[in-house]
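Colleague: Got a structure for you, written out below as structure tokens; questions coming shortly.
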Amino acid sequence: MSDKVFPSSKPAANGTATNATTTTPNNPPPATTNKSHLYNPTSRPPYRPQPHTRRHRSRSDRNICCCCCFWTILTILLLLLLAAIAGAALYILYRPHRPSFTITSLRIHRLNLTTSPDSSSSHLSTLFNLTIISKNPNSHISLDYEPFTVSALSDGNDVFLGNGTLPAFSLSKKNQTSFRNVVVSGSNDLDVDAVNSLRSDLKKKKSENGSVMLKIEMDTKVKMKVGGLKTKKVGIRVTCDGIKGSIPKGKTPTVAVTAKSECKVDLRIKIWRWTF
């Protein structure tokens, strides 16, 4: 059997016939290679980031943060404004007044300063008896006091002379209470500086009709009630100075002059201090 010859299906571009490609069962046509299916890493386009999308995200995040800060600050300012308005309204409505304390009587039973022969140690022994009156001048505010710590000092050098206590008590609106026979005593060893200060003060006052100036300090905490509302406990210090007394001779107590004494109340709060 003779082989069949198949001519080319397309003529050449210049009009000349191309060589025919013969195909036989024993000679198949050559396989064509498709270069587009081959992987070529150099032909892949480089990756280029898109900064426009990232910039848009950063701007949106910044706008959200600014809005949160703005509304937070605005809320805080509104709360402060409301608190100021409420405080002003309460002040105008209730007209709070400072509580008052008065020392109506003070007796000096003992005020002895002894020193060893070699001046190596000094001992102070004191005994006072007080009468204290506390008043609440407020018409809408009640006061609840915790126990007081009462201290006696020399008015001038602040040398500690003795201490005592007052029990806890409450004062309703426009009310007052008094405490009699409040004992303040002390038996302490003094250092050299305290002895020198106290001796100079006593010598100076003895030359002035034998008098000595005293100061009484009272420390406690108070809670205020306004209608059904109660405040937190607030530290309070009462300072009564200008008390003029005489050193007793023998066992007879002397009576101090308290008519010119003034008692100041100092409320101590964590954020600020109110001085009445």
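Letters A, B, ... mark the chains of the structure tokens in the order given; residue numbers begin at 1 per chain; ligand numbers begin at 1, in order shown.
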I'd like the contact shell of Ala168 (chain A) - 6 Å cut-off, only C-alpha atoms, skipping same-chain residues fewer than 3 positions apart - returned as an NGL selection string.

Modeller: :A and (145-147)

Colleague: Once you have the residues from the selection above, write them out as a CSV table (one decimal), in the first residue's frame, restricted to all heavy atoms.

Modeller:
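Saved to selection-v7.csv:
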chain,number,residue,atom,x,y,z
A,145,TYR,N,-21.1,63.5,115.3
A,145,TYR,CA,-19.6,63.5,115.6
A,145,TYR,C,-19.2,62.1,116.1
A,145,TYR,O,-19.9,61.5,116.9
A,145,TYR,CB,-19.4,64.6,116.7
A,145,TYR,CG,-19.6,66.0,116.2
A,145,TYR,CD1,-20.7,66.7,116.5
A,145,TYR,CD2,-18.6,66.7,115.5
A,145,TYR,CE1,-20.9,68.0,116.1
A,145,TYR,CE2,-18.8,68.0,115.1
A,145,TYR,CZ,-20.0,68.6,115.4
A,145,TYR,OH,-20.2,69.9,115.0
A,146,GLU,N,-18.0,61.8,115.7
A,146,GLU,CA,-17.3,60.6,116.3
A,146,GLU,C,-16.6,61.1,117.6
A,146,GLU,O,-16.5,62.3,117.9
A,146,GLU,CB,-16.3,60.0,115.3
A,146,GLU,CG,-17.0,59.3,114.1
A,146,GLU,CD,-16.0,58.5,113.3
A,146,GLU,OE1,-14.7,58.7,113.5
A,146,GLU,OE2,-16.4,57.8,112.5
A,147,PRO,N,-16.0,60.2,118.4
A,147,PRO,CA,-15.3,60.6,119.6
A,147,PRO,C,-14.2,61.6,119.3
A,147,PRO,O,-13.4,61.4,118.3
A,147,PRO,CB,-14.8,59.2,120.2
A,147,PRO,CG,-15.7,58.2,119.7
A,147,PRO,CD,-16.1,58.7,118.3

Colleague: If you run DSSP over the backbone, which residues in region 123-234 of chain A end up alpha helix (DSSP H)? Put them as number ranges by chain.

Modeller: A: 192-206

Colleague: Report, in Å to a single decimal, how far apart CA of Ser139 (chain A) and CA of Thr220 (chain A) are.

Modeller: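 If I compute the distance from CA of Thr220 (chain A) to CA of Ser139 (chain A), I get 22.6 Å.
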
Colleague: Applying 8 Å and only C-alpha atoms, which residues near region 212-216 of chain A remain after dropping the ones on its own chain fewer than 3 positions away? List them as an MDAnalysis selection string.

Modeller: chainID A and resid 150:156 201:202 205:206 239:247

Colleague: Please save C-alpha atoms of the selected residues as a short mmCIF file (atom, residue, chain, number, x, y, z; two decimals), in the first residue's frame.

Modeller:
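The resulting file, again-v3.cif, is shown below:
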data_model
loop_
_atom_site.label_atom_id
_atom_site.label_comp_id
_atom_site.auth_asym_id
_atom_site.auth_seq_id
_atom_site.Cartn_x
_atom_site.Cartn_y
_atom_site.Cartn_z
CA VAL A 150 -8.63 66.66 123.13
CA SER A 151 -5.05 67.96 123.44
CA ALA A 152 -3.61 70.77 125.56
CA LEU A 153 -0.56 72.70 124.35
CA SER A 154 1.36 75.78 125.33
CA ASP A 155 0.22 78.68 123.18
CA GLY A 156 3.41 79.93 121.60
CA ASP A 201 7.53 80.53 128.10
CA LEU A 202 6.80 79.98 131.79
CA LYS A 205 4.50 84.57 131.59
CA LYS A 206 5.36 84.42 135.29
CA THR A 239 -8.50 74.99 117.78
CA CYS A 240 -9.21 77.18 120.80
CA ASP A 241 -6.38 79.59 121.64
CA GLY A 242 -5.99 82.72 123.72
CA ILE A 243 -6.72 80.94 127.03
CA LYS A 244 -4.92 82.69 129.87
CA GLY A 245 -4.29 80.67 133.05
CA SER A 246 -2.22 80.79 136.21
CA ILE A 247 0.12 78.16 137.60
#

Colleague: Using CA of Leu80 (chain A) and CA of Val234 (chain A) as the two end points, give the distance in Å to one decimal.

Modeller: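 Computing the Euclidean distance for CA of Leu80 (chain A) and CA of Val234 (chain A) yields 21.9 Å.
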
Colleague: Of the residues A:Ser197, A:Ser119, A:Ser185, A:Asn138, which is the one nearest to Arg95 (chain A), using only C-alpha atoms?

Modeller: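 Closest to Arg95 (chain A) of all the choices is A:Asn138.
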
Colleague: Check the DSSP output for the backbone and give back, as a ChimeraX atom specification, the residues of region 39-192 of chain A in strand (DSSP E).

Modeller: /A:100-115,122-136,141-145,148-154,160-166,169-171,175-190

Colleague: Quick one: distance from CA of Ser122 (chain A) to CA of Pro253 (chain A) in Å, one decimal?

Modeller: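 Pair CA of Ser122 (chain A) / CA of Pro253 (chain A) returns 22.9 Å.
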
Colleague: Write out as a VMD selection string each polymer residue whose atoms come within 8 Å of Lys233 (chain A), counting only C-alpha atoms; drop sequence neighbours fewer than 2 positions from it.

Modeller: chain A and resid 221 to 224 231 235

Colleague: So which one's closest to Ile236 (chain A), A:Thr254, A:Ser178, A:Ser100, A:Thr72? Using only C-alpha atoms, please.

Modeller: A:Ser100

Colleague: Choose the residue, out of A:Ile92, A:Leu113, A:Val255, A:Leu198, that has the smallest atom-to-atom separation from Gly186 (chain A); count only C-alpha atoms.

Modeller: A:Leu113
